[in-house]
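See structure below.
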Amino acid sequence: MSIINLNYNQSILKKSKKILSLLVLSLILLTSCIVDENGNPLVEPDGEALDQRFEDNRANAVQTFTLDAATGGTITGVHGTQITFPSSCTGNNGTPVTGTIEIQLIEIYTKADMVLLNMSTTGKKSNGDEEALKSGGEFFVSATQNGNPLTLLAPISIRTRNVDSSNFESMQVFRAGNEINDTDPWQEADENNDGQPDDAQIGEDQGPNGTYVLYSVFDMSSFGWTNLDKWYNFSGQLTDLFVDVPNGYNGDNIAVYLSYDGENGLARMDIYDETLGLFTEHYGRIPVGLDVHFIAITEINGIIHYAIQAATITNNHTEVITNLQPTTQADLTTLINNLP
């Protein structure tokens, strides 16, 4: 009679599975980097999958709360945003609703969320020019009842998370689209219809160890995207800026961002010149000498590929990105949030 060593066989089986998993992962990573004789990737970057990732990330970022519509109340997001709903401020076809309503909230405070939810801080001025903004927080707010969208009949109040006084800046209110997947550029809000941009109010609280922290408060009179920002108002010599991505990449299958060192803001370089094969920004308003990081992301075979490059802007700057490498979304989040 032969005796089977079950422990030994199980050990061999586990090792075989581990080796097979490593081979499959290696094959995925290898094929994502294979190029033909002209340098074009044989495995195409998938722009539709990237756009879907952005939408999925927004959906996953939604926090849901319930309130009694008649009494109203205050909700607090996981990152510290507080929103106060007055009594009977939500309605359907102009009529206040009663009973339980559901509030949807997205909070964006970090550069990684700005990239991975594709909600950059680019603002459009009244003359149509698009310029850089630095953000004190981006927010999406909506309300539904039994799945039906509601409207605001009276303004709600949004209070941002607390900020150490040494890092606090007074901000203006900006608005964008009304739907969760809108990507409109930010425009100055004029909730009072007085022809002047709205400024956020400044509040103060006592923080830990007796220190004081500041926050911003502003009103929102319609659901959708809102943002606290201020214009960079760059001074000095300004220049055009270009980004050269590897062969096979273009405006349909890769997202390119410009992150400003030391500031909480970044712009998506959403103009792709088919003739030049280069990405560019809108109006040549990037200052020479500015320290930045370029971020490029795409998706190949369900895996994020990225490049992050530091640079100091020169006159007629062209940044050349030669390679994108695979990573996880969690690791990319850490990399971006660790940028200056």
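In the structure tokens, chains take the letters A, B, ... in the order shown, each chain's residues start at 1, and ligands count up from 1 in the order shown.
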Polymer residues at most 12 Å from Ser120 in chain A, only C-alpha atoms, same-chain spacing of 4 or more positions, as a VMD selection string: chain A and resid 108 to 116 131 to 135 137 to 138 176 182 to 186 227 229 255 to 260 264 to 270
File of the preceding selection, N, CA and C atoms, as a compact mmCIF listing (two decimals), in the first residue's frame:
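Final output, saved to out-v4.txt:
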# COMPACT_ATOMS: atom_id res chain seq x y z
N ILE A 108 -14.09 66.63 -2.35
CA ILE A 108 -12.77 66.51 -2.99
C ILE A 108 -11.85 67.57 -2.39
N TYR A 109 -10.84 67.11 -1.67
CA TYR A 109 -9.87 68.03 -1.08
C TYR A 109 -8.44 67.77 -1.55
N THR A 110 -8.16 66.61 -2.13
CA THR A 110 -6.78 66.25 -2.45
C THR A 110 -6.55 66.21 -3.95
N LYS A 111 -5.26 66.32 -4.32
CA LYS A 111 -4.91 66.26 -5.74
C LYS A 111 -5.23 64.90 -6.34
N ALA A 112 -5.03 63.83 -5.57
CA ALA A 112 -5.32 62.50 -6.10
C ALA A 112 -6.79 62.37 -6.47
N ASP A 113 -7.68 62.88 -5.62
CA ASP A 113 -9.10 62.82 -5.93
C ASP A 113 -9.43 63.70 -7.14
N MET A 114 -8.75 64.84 -7.25
CA MET A 114 -8.97 65.69 -8.42
C MET A 114 -8.63 64.94 -9.70
N VAL A 115 -7.54 64.15 -9.68
CA VAL A 115 -7.13 63.39 -10.86
C VAL A 115 -8.05 62.20 -11.07
N LEU A 116 -8.24 61.38 -10.06
CA LEU A 116 -8.92 60.10 -10.23
C LEU A 116 -10.44 60.24 -10.34
N GLU A 131 -8.11 79.66 -16.98
CA GLU A 131 -6.89 79.84 -16.21
C GLU A 131 -6.91 78.94 -14.97
N ALA A 132 -5.76 78.90 -14.32
CA ALA A 132 -5.58 77.99 -13.19
C ALA A 132 -6.25 78.55 -11.93
N LEU A 133 -6.78 77.62 -11.12
CA LEU A 133 -7.34 77.93 -9.81
C LEU A 133 -6.66 77.06 -8.76
N LYS A 134 -6.62 77.56 -7.54
CA LYS A 134 -6.23 76.71 -6.42
C LYS A 134 -7.43 76.56 -5.51
N SER A 135 -7.62 75.34 -5.00
CA SER A 135 -8.90 74.97 -4.42
C SER A 135 -8.85 74.81 -2.91
N GLY A 137 -11.58 73.16 -1.75
CA GLY A 137 -12.53 72.06 -1.66
C GLY A 137 -13.53 72.10 -2.79
N GLU A 138 -13.79 70.92 -3.39
CA GLU A 138 -14.79 70.77 -4.43
C GLU A 138 -15.90 69.85 -3.89
N ALA A 176 -19.93 74.61 -11.36
CA ALA A 176 -19.71 73.87 -12.60
C ALA A 176 -21.04 73.23 -13.00
N ASP A 182 -20.55 65.58 -14.88
CA ASP A 182 -20.18 66.77 -15.65
C ASP A 182 -18.71 67.12 -15.42
N THR A 183 -18.09 67.69 -16.44
CA THR A 183 -16.69 68.10 -16.35
C THR A 183 -16.52 69.54 -16.85
N ASP A 184 -17.54 70.36 -16.65
CA ASP A 184 -17.47 71.75 -17.10
C ASP A 184 -16.39 72.50 -16.34
N PRO A 185 -15.74 73.49 -16.98
CA PRO A 185 -14.80 74.34 -16.23
C PRO A 185 -15.54 75.16 -15.19
N TRP A 186 -14.83 75.50 -14.12
CA TRP A 186 -15.43 76.27 -13.03
C TRP A 186 -15.64 77.72 -13.46
N ASN A 227 -17.35 74.81 -5.82
CA ASN A 227 -15.93 74.76 -5.53
C ASN A 227 -15.51 76.06 -4.85
N ASP A 229 -12.39 78.45 -4.56
CA ASP A 229 -11.15 78.66 -5.30
C ASP A 229 -10.71 80.11 -5.21
N ALA A 255 -5.10 60.83 -20.17
CA ALA A 255 -5.39 62.08 -19.48
C ALA A 255 -4.09 62.67 -18.95
N VAL A 256 -3.85 63.94 -19.24
CA VAL A 256 -2.62 64.62 -18.84
C VAL A 256 -2.98 65.80 -17.95
N TYR A 257 -2.32 65.88 -16.79
CA TYR A 257 -2.59 66.94 -15.82
C TYR A 257 -1.31 67.69 -15.48
N LEU A 258 -1.49 68.94 -15.10
CA LEU A 258 -0.40 69.79 -14.64
C LEU A 258 -0.65 70.13 -13.19
N SER A 259 0.23 69.68 -12.29
CA SER A 259 0.10 69.92 -10.86
C SER A 259 1.06 71.01 -10.44
N TYR A 260 0.55 72.01 -9.72
CA TYR A 260 1.36 73.14 -9.30
C TYR A 260 1.96 72.86 -7.93
N ASN A 264 -2.72 73.64 -3.84
CA ASN A 264 -3.73 72.60 -3.99
C ASN A 264 -4.55 72.88 -5.24
N GLY A 265 -3.95 72.58 -6.36
CA GLY A 265 -4.64 72.80 -7.62
C GLY A 265 -3.92 72.11 -8.75
N LEU A 266 -4.69 71.70 -9.76
CA LEU A 266 -4.09 71.14 -10.96
C LEU A 266 -5.05 71.32 -12.12
N ALA A 267 -4.48 71.38 -13.31
CA ALA A 267 -5.28 71.58 -14.51
C ALA A 267 -5.15 70.36 -15.41
N ARG A 268 -6.25 69.97 -16.05
CA ARG A 268 -6.16 68.93 -17.07
C ARG A 268 -5.83 69.60 -18.40
N MET A 269 -4.80 69.10 -19.05
CA MET A 269 -4.42 69.61 -20.36
C MET A 269 -5.27 68.88 -21.39
N ASP A 270 -6.43 69.47 -21.69
CA ASP A 270 -7.45 68.78 -22.46
C ASP A 270 -7.46 69.15 -23.94
Residue neighbourhood Tyr272 in chain A, 6 Å, only C-alpha atoms, exclusion window fewer than 5 positions, as an MDAnalysis selection string: chainID A and resid 251 278:279
Backbone DSSP call of strand (DSSP E) for range 33-241 of chain A, listed as a PyMOL selection string: chain A and resi 63-68+73-76+82-85+90-92+95-96+100-108+122-124+130-145+148-149+151-152+156-159+163-164+172-175+187-188+201-206+212-220+224-231+238-239+241
Can you list, as a ChimeraX atom specification, every protein, DNA or RNA residue that comes within 12 Å of Asp190 in chain A when you count only C-alpha atoms, leaving out same-chain residues fewer than 3 positions away? /A:172-175,187,193-200,218-222,226
Can you write out the residues you just picked, keeping C-alpha atoms, as an mmCIF file, in the first residue's frame?
data_model
loop_
_atom_site.group_PDB
_atom_site.id
_atom_site.type_symbol
_atom_site.label_atom_id
_atom_site.label_comp_id
_atom_site.auth_asym_id
_atom_site.auth_seq_id
_atom_site.Cartn_x
_atom_site.Cartn_y
_atom_site.Cartn_z
ATOM 1 C CA GLN A 172 -14.408 82.699 -3.936
ATOM 2 C CA VAL A 173 -17.319 80.430 -4.815
ATOM 3 C CA PHE A 174 -17.298 78.744 -8.226
ATOM 4 C CA ARG A 175 -19.904 76.550 -9.906
ATOM 5 C CA GLN A 187 -17.058 79.697 -13.298
ATOM 6 C CA ASN A 193 -27.308 88.279 -8.956
ATOM 7 C CA ASP A 194 -25.495 91.501 -8.167
ATOM 8 C CA GLY A 195 -22.877 91.161 -10.886
ATOM 9 C CA GLN A 196 -20.130 90.439 -8.360
ATOM 10 C CA PRO A 197 -18.470 87.075 -7.644
ATOM 11 C CA ASP A 198 -19.468 85.511 -4.340
ATOM 12 C CA ASP A 199 -16.894 85.321 -1.564
ATOM 13 C CA ALA A 200 -16.952 82.605 1.086
ATOM 14 C CA PHE A 218 -20.931 79.678 1.727
ATOM 15 C CA ASP A 219 -24.460 79.219 0.384
ATOM 16 C CA MET A 220 -25.522 76.986 -2.475
ATOM 17 C CA SER A 221 -28.869 77.716 -4.132
ATOM 18 C CA SER A 222 -28.979 74.872 -6.669
ATOM 19 C CA THR A 226 -19.495 73.837 -6.374
#
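For the residues A:Gly262, A:Gly224, A:Gly73, A:Gly123, ranking by smallest atom-to-atom distance to Asn167 in chain A using only C-alpha atoms places A:Gly262 first.
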Could you pull the residues within 12 Å of Ser157 in chain A, counting only C-alpha atoms, minus those fewer than 3 positions along the same chain, as a list in words?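 Selected residues are Gly72, Gly73, Thr74, Ile75, Thr76, Thr81, Gln82, Ile83, Thr84, Phe85, Pro86, Cys89, Val141, Leu152, Ala154, Thr160, Ala200, Gln201, Ser216, Val217, Phe218, Asp219, Met220, Ser221, Ser222, Phe223 and Thr226 of chain A.
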List the neighbours of Thr239 in chain A out to 9 Å using only C-alpha atoms; skip same-chain residues closer than 3 positions along the sequence, and give me the result as a PyMOL selection string. chain A and resi 283-288+313-317
What does the distance between CA of His305 in chain A and CA of Phe54 in chain A come to in Å, to one decimal place? 14.1 Å
Length of the CA of Gly248 in chain A to CA of Ala311 in chain A vector [Å]: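 Rounded to one decimal, the two atoms are 23.6 Å apart.
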What separation in Å, quoted to one decimal, exists between CA of Glu169 in chain A and CA of Val292 in chain A? 20.7 Å
